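Let me begin by presenting the structure, written as structure tokens, before commenting on it.
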Amino acid sequence: MPGLRQTMAEPVGFVDDPITALDATRAVESVLEQVLDAGLRRAQEADPVFARDVAGRVAAFVRRGGRRLRAGFTWCGWRAAGGSGDATAVLHTAAAVELVQACALIHDDLMDGSPLRRGAPAMHVDLARMHREARMSGPPELFAAAAAVLAGDLALAWADDLLMETALGSPYGLRLCGEWRAMRGEMVAGQYRDIHAHAAGASRVEEALSIATLKSALYTVERPLALGASLAAADERTFEALRSAGRCAGLAFQLRDDLLGAFGEPALTGKPVGEDLRTGKLTYLLAVALELAEAAGDVEAARVLAPGAALRPDATVEEMRAALERTGAPAVVETKIASLAAAGLRHFEATGADAGVRREFAALVERAAGVTPGRGGEAA
């Protein structure tokens with residue numbers, strides 16, 4: 001398949017002497033550079049305006065990075081399942097997951113109306129700016145929304161192209177494609193449940209956890225671990241341990257993100273603080289706070305934290321932060337994060353992975369969840 005072959009990087013060699021997840025992530029960056037260059041060439045051949053306005057922006061967005069956690073977890077899944085030797089397939093799979101992440105973020109920012117991502121204007125905001133500067137006709141926001149959908153679609157197309165060739169060149173391609181297919185479907189389901197909960201005024205803790213699992217935990221940790229393991233002929237016991245580890249660690253990651261969304265620093269997170277509160281998005285943090293406020297009879301906290309579709313002004317967002325702290329919800333969420341992170345490590349140990357791989361996984365969980373995981377913790 002010569003059209004796809006040009007997207008692939010040269011093999012990175014063999015890893016019988018284990019390298020770290022950080023080393024693997026750096027290698028994934030090299031794969032991404034080659035994939036993006038090839039994608040831009042194809043876009044230019046298709047249409048130069050499209051290449052400049054859409055493909056160029058997608059490539060720039062991917063190159064702005066993020067923490068590449070999903071690439072690291074893909075690597076850990078491969079190593080935990082006994083992966084060694086030629087690492088090309090797992091690095092390409094990890095790069096494909098990072099492209100899926102770009103698609104998810106571009107679409108998520110559009111759906112949420114978020115102005116910033118990775119310290120720069122979100123894709124739809126930048127496209128609206130381009131529309132205005134070029135003095136194009138029609139509403140800039142309508143144009144930008146349509147173009148941002150296409151930008152996210154392009155990132156997903158590049159991801160699918162890369163994953164497809166990896167699968168075609170691997171004896172484990174069928175299992176790899178099965179995990180990939182499941183991951184994409186879960187992402188879409190999670191995004192829909194998110195907007196559905198907002199429109200329906202949902203506030204239950206169980207629904208918040210369900211959304212967090214579908215929208216984030218699965219494709220952030222659980223599926224990357226399974227994708228990596230697919231390329232090492234993992235047995236079912238290893239898959240089950242990795243899925244359990246990934247679900248726990250992925251939920252810990254999302255709950256940390258909820259806390260940072262309410263109380264974090266934009267300079268560190270690369271996105272505005274308080275946006276989830278401003279829009280009234282259902283998060284585990286908000287659901288727990290509402291439950292605690294109602295149990296304590298704190299009518300004022302329950303009122304200010306109640307779900308609603310209207311955007312909150314800055315003063316109300318500050319009231320919501322004060323109400324969250326008054327209920328004690330942040331401390332409850334911190335405890336939940338620590339418990340989930342510890343459970344993730346315990347499940348990962350059940351794979352039988354060697355001590356070095358376990359340390360790599362623990363370090364990634366610490367980066368993702370902001371806690372040092374211990375050995376205890378709840379099952380999930």
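Going through the structure tokens in order, the chains are called A, B, and so on, while each chain numbers its residues from 1 and the ligands are numbered from 1 in the order shown.
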Give me, as JSON lines, each residue of range 319-352 of chain A that comes within 12 Å of range 224-228 of chain A, together with its shortest interatomic pair and the distance in Å at one decimal, counting only C-alpha atoms, with rows ordered by chain and rising residue number.
{"residue": "A:Gly344", "atom": "CA", "partner": "A:Leu225", "partner_atom": "CA", "distance": 11.9}
{"residue": "A:Phe348", "atom": "CA", "partner": "A:Leu225", "partner_atom": "CA", "distance": 10.1}
{"residue": "A:Thr351", "atom": "CA", "partner": "A:Leu225", "partner_atom": "CA", "distance": 11.5}
Close residues, Glu98 in chain A itself excluded, 12 Å, only C-alpha atoms, min 5 positions apart in chain, as number ranges by chain: A: 25, 28-29, 31-33, 35-36, 59, 61-74, 91-93, 103-105, 155-156, 158-160, 162-163, 219-220, 224
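Rounded to one decimal, CA of Val357 in chain A and CA of Val221 in chain A lie 15.2 Å from each other.
Using only C-alpha atoms for every distance, the candidate list A:Leu22, A:Ala147, A:Ala27, A:Ala252 yields A:Ala147 as the residue closest to Phe50 in chain A.
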Pairwise distance for CA of Ala89 in chain A and CA of Ser170 in chain A, rounded to one decimal in Å: 7.4 Å
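Those residues that approach Glu360 in chain A to within 12 Å, counting only C-alpha atoms, are Pro18, Ile19, Thr20, Ala21, Leu22, Asp23, Ala24, Leu69, Gly72, Phe73, Thr74, Trp75, Cys76, Gly77, Arg79, Ala80, Leu345, Phe348, Glu349, Ala353, Asp354, Ala355, Gly356, Leu364, Val365, Glu366 and Arg367 of chain A; same-chain residues fewer than 4 positions away are not listed.
Of the residues in range 89-194 of chain A, those given strand (DSSP E or B) by DSSP on the backbone are Leu116, Arg117, Ala120 and Pro121 of chain A.
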Contacts of range 112-129 of chain A within 9 Å, only C-alpha atoms, excl. fewer than 2 positions in-chain, as a ChimeraX atom specification: /A:53-54,57-58,61,64-66,105-110,131-134,139-149,151,195,266-272,275-276,279,281
Would you mind exporting the chosen residues as a compact mmCIF listing (two decimals), in the first residue's frame, restricted to N, CA and C atoms?
# COMPACT_ATOMS: atom_id res chain seq x y z
N ASP A 53 -5.29 26.06 5.62
CA ASP A 53 -6.24 26.48 6.65
C ASP A 53 -6.57 25.38 7.66
N VAL A 54 -6.66 24.15 7.19
CA VAL A 54 -7.12 23.06 8.06
C VAL A 54 -5.97 22.12 8.43
N ARG A 57 -3.25 23.67 10.49
CA ARG A 57 -3.63 23.93 11.88
C ARG A 57 -3.67 22.64 12.69
N VAL A 58 -4.14 21.55 12.09
CA VAL A 58 -4.16 20.27 12.81
C VAL A 58 -2.73 19.85 13.14
N PHE A 61 -1.38 21.93 15.93
CA PHE A 61 -2.01 21.57 17.21
C PHE A 61 -1.37 20.32 17.78
N ARG A 64 2.00 20.97 19.24
CA ARG A 64 2.05 21.70 20.51
C ARG A 64 2.05 20.75 21.70
N GLY A 65 1.78 19.49 21.45
CA GLY A 65 2.09 18.47 22.42
C GLY A 65 1.03 18.06 23.38
N GLY A 66 1.10 18.53 24.61
CA GLY A 66 0.40 17.84 25.68
C GLY A 66 1.40 16.90 26.33
N LEU A 105 -9.94 16.52 21.42
CA LEU A 105 -9.81 17.85 22.02
C LEU A 105 -10.39 18.93 21.13
N ILE A 106 -10.15 18.84 19.83
CA ILE A 106 -10.68 19.85 18.90
C ILE A 106 -12.21 19.85 18.96
N HIS A 107 -12.80 18.67 18.91
CA HIS A 107 -14.27 18.59 18.96
C HIS A 107 -14.81 18.96 20.34
N ASP A 108 -14.12 18.54 21.39
CA ASP A 108 -14.57 18.83 22.75
C ASP A 108 -14.57 20.34 23.00
N ASP A 109 -13.51 21.02 22.57
CA ASP A 109 -13.45 22.47 22.76
C ASP A 109 -14.57 23.17 22.02
N LEU A 110 -14.89 22.69 20.84
CA LEU A 110 -16.00 23.28 20.08
C LEU A 110 -17.31 23.06 20.80
N HIS A 131 -11.26 33.98 9.82
CA HIS A 131 -12.42 34.44 9.05
C HIS A 131 -12.55 35.96 9.12
N ARG A 132 -12.41 36.50 10.31
CA ARG A 132 -12.54 37.96 10.47
C ARG A 132 -11.40 38.70 9.78
N GLU A 133 -10.18 38.21 9.96
CA GLU A 133 -9.03 38.90 9.37
C GLU A 133 -9.08 38.87 7.85
N ALA A 134 -9.62 37.80 7.28
CA ALA A 134 -9.73 37.70 5.83
C ALA A 134 -10.97 38.40 5.28
N PRO A 139 -21.39 34.58 9.24
CA PRO A 139 -20.99 34.61 10.65
C PRO A 139 -19.68 33.86 10.88
N PRO A 140 -18.67 34.50 11.47
CA PRO A 140 -17.39 33.82 11.71
C PRO A 140 -17.54 32.56 12.56
N GLU A 141 -18.42 32.61 13.57
CA GLU A 141 -18.58 31.47 14.47
C GLU A 141 -19.15 30.25 13.76
N LEU A 142 -20.07 30.48 12.84
CA LEU A 142 -20.66 29.36 12.10
C LEU A 142 -19.62 28.71 11.19
N PHE A 143 -18.86 29.55 10.50
CA PHE A 143 -17.78 29.05 9.65
C PHE A 143 -16.76 28.28 10.49
N ALA A 144 -16.37 28.85 11.63
CA ALA A 144 -15.34 28.25 12.46
C ALA A 144 -15.79 26.91 13.03
N ALA A 145 -17.05 26.82 13.41
CA ALA A 145 -17.56 25.56 13.96
C ALA A 145 -17.50 24.46 12.91
N ALA A 146 -17.93 24.77 11.69
CA ALA A 146 -17.90 23.77 10.62
C ALA A 146 -16.46 23.35 10.30
N ALA A 147 -15.57 24.34 10.24
CA ALA A 147 -14.18 24.04 9.91
C ALA A 147 -13.50 23.25 11.03
N ALA A 148 -13.84 23.53 12.28
CA ALA A 148 -13.25 22.79 13.40
C ALA A 148 -13.70 21.34 13.40
N VAL A 149 -14.96 21.08 13.02
CA VAL A 149 -15.42 19.70 12.88
C VAL A 149 -14.55 18.98 11.86
N ALA A 151 -11.52 19.76 10.94
CA ALA A 151 -10.16 19.62 11.47
C ALA A 151 -10.07 18.39 12.37
N ILE A 195 -22.89 15.81 26.69
CA ILE A 195 -23.81 16.88 26.28
C ILE A 195 -25.25 16.55 26.67
N PRO A 266 -4.36 28.40 34.93
CA PRO A 266 -4.32 28.32 33.46
C PRO A 266 -2.91 28.22 32.90
N ALA A 267 -1.95 28.86 33.57
CA ALA A 267 -0.58 28.82 33.06
C ALA A 267 -0.02 27.40 33.08
N LEU A 268 -0.54 26.57 33.99
CA LEU A 268 -0.07 25.19 34.09
C LEU A 268 -0.93 24.23 33.29
N THR A 269 -2.25 24.47 33.27
CA THR A 269 -3.15 23.55 32.58
C THR A 269 -3.29 23.84 31.10
N GLY A 270 -2.99 25.07 30.68
CA GLY A 270 -3.12 25.45 29.27
C GLY A 270 -4.54 25.70 28.83
N LYS A 271 -5.49 25.77 29.79
CA LYS A 271 -6.88 26.05 29.46
C LYS A 271 -7.49 26.87 30.58
N PRO A 272 -8.61 27.54 30.32
CA PRO A 272 -9.17 28.43 31.34
C PRO A 272 -9.61 27.67 32.58
N GLU A 275 -14.12 26.83 33.69
CA GLU A 275 -15.03 26.69 32.55
C GLU A 275 -16.12 25.65 32.81
N ASP A 276 -15.77 24.55 33.46
CA ASP A 276 -16.79 23.54 33.78
C ASP A 276 -17.85 24.12 34.71
N THR A 279 -20.13 26.67 32.74
CA THR A 279 -21.12 26.05 31.86
C THR A 279 -22.06 25.10 32.60
N LYS A 281 -21.24 22.06 33.63
CA LYS A 281 -21.00 20.69 33.18
C LYS A 281 -21.02 19.73 34.38
Could I get the residues of range 154-238 of chain A with an atom no further than 12 Å from an atom of range 302-319 of chain A, each paired with its nearest atom pair and that distance in Å to one decimal, using only C-alpha atoms, sorted by chain and residue number, as JSON lines?
{"residue": "A:Ile195", "atom": "CA", "partner": "A:Ala309", "partner_atom": "CA", "distance": 10.6}
{"residue": "A:His196", "atom": "CA", "partner": "A:Ala309", "partner_atom": "CA", "distance": 11.4}
{"residue": "A:Ala197", "atom": "CA", "partner": "A:Pro307", "partner_atom": "CA", "distance": 9.5}
{"residue": "A:His198", "atom": "CA", "partner": "A:Ala309", "partner_atom": "CA", "distance": 6.9}
{"residue": "A:Ala199", "atom": "CA", "partner": "A:Ala309", "partner_atom": "CA", "distance": 6.7}
{"residue": "A:Ala200", "atom": "CA", "partner": "A:Gly308", "partner_atom": "CA", "distance": 8.8}
{"residue": "A:Gly201", "atom": "CA", "partner": "A:Pro307", "partner_atom": "CA", "distance": 5.2}
{"residue": "A:Ala202", "atom": "CA", "partner": "A:Pro307", "partner_atom": "CA", "distance": 6.9}
{"residue": "A:Ser203", "atom": "CA", "partner": "A:Pro307", "partner_atom": "CA", "distance": 6.6}
{"residue": "A:Arg204", "atom": "CA", "partner": "A:Pro307", "partner_atom": "CA", "distance": 10.4}
Preceding selection exported with C-alpha atoms as a short mmCIF file (atom, residue, chain, number, x, y, z; two decimals), in the first residue's frame:
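Final file, part-v2.cif:
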data_model
loop_
_atom_site.label_atom_id
_atom_site.label_comp_id
_atom_site.auth_asym_id
_atom_site.auth_seq_id
_atom_site.Cartn_x
_atom_site.Cartn_y
_atom_site.Cartn_z
CA ILE A 195 -23.81 16.88 26.28
CA HIS A 196 -26.92 14.84 27.10
CA ALA A 197 -26.28 15.18 30.86
CA HIS A 198 -25.86 18.93 30.48
CA ALA A 199 -29.07 19.33 28.50
CA ALA A 200 -31.00 17.07 30.87
CA GLY A 201 -29.76 18.82 34.02
CA ALA A 202 -28.24 15.60 35.38
CA SER A 203 -26.58 15.76 38.79
CA ARG A 204 -26.14 12.19 40.10
#
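Our summary of the geometry notes that CA of Arg175 in chain A is positioned 17.8 Å from CA of Gly246 in chain A.
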Residue nearest Ala229 in chain A - candidates A:Ala296, A:Ala55, A:Ala94, A:Val288, atoms counted: only C-alpha atoms: A:Ala94
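If only C-alpha atoms are the atoms counted, then among A:Glu300, A:Val97, A:Ala232, A:Arg247 the closest residue to Leu214 in chain A is A:Arg247.
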DSSP helix (DSSP H, G or I) selection over range 15-239 of chain A, as number ranges by chain: A: 21-46, 48-63, 69-80, 88-112, 123-133, 140-168, 173-200, 205-230, 236-239
Contacts of Leu168 in chain A at 10 Å (only C-alpha atoms; same-chain gap of 5+ positions) as a ChimeraX atom specification: /A:1,163,173-174,176-177
Write out the residues from the selection above, keeping N, CA, C and O atoms, as a tab-separated table (two decimals), in the first residue's frame.
chain	number	residue	atom	x	y	z
A	1	MET	N	0.85	-1.19	0.00
A	1	MET	CA	0.00	0.00	0.00
A	1	MET	C	0.89	1.24	0.00
A	1	MET	O	1.16	1.86	1.03
A	163	LEU	N	-3.06	3.58	12.06
A	163	LEU	CA	-3.42	2.34	12.76
A	163	LEU	C	-3.67	1.21	11.76
A	163	LEU	O	-3.27	0.07	11.98
A	173	GLY	N	-2.91	-7.97	14.11
A	173	GLY	CA	-3.70	-6.86	13.62
A	173	GLY	C	-5.18	-6.95	13.94
A	173	GLY	O	-5.83	-5.93	14.19
A	174	LEU	N	-5.75	-8.15	13.94
A	174	LEU	CA	-7.19	-8.30	14.19
A	174	LEU	C	-7.53	-7.86	15.61
A	174	LEU	O	-8.50	-7.14	15.83
A	176	LEU	N	-5.74	-5.87	17.49
A	176	LEU	CA	-5.45	-4.44	17.55
A	176	LEU	C	-6.64	-3.64	17.02
A	176	LEU	O	-7.07	-2.65	17.65
A	177	CYS	N	-7.17	-4.05	15.89
A	177	CYS	CA	-8.31	-3.33	15.30
A	177	CYS	C	-9.55	-3.41	16.18
A	177	CYS	O	-10.33	-2.46	16.26
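Proximity ranking of A:Gly328, A:Arg243, A:Gly264, A:Thr88 relative to Glu165 in chain A places A:Thr88 first, based on only C-alpha atoms.
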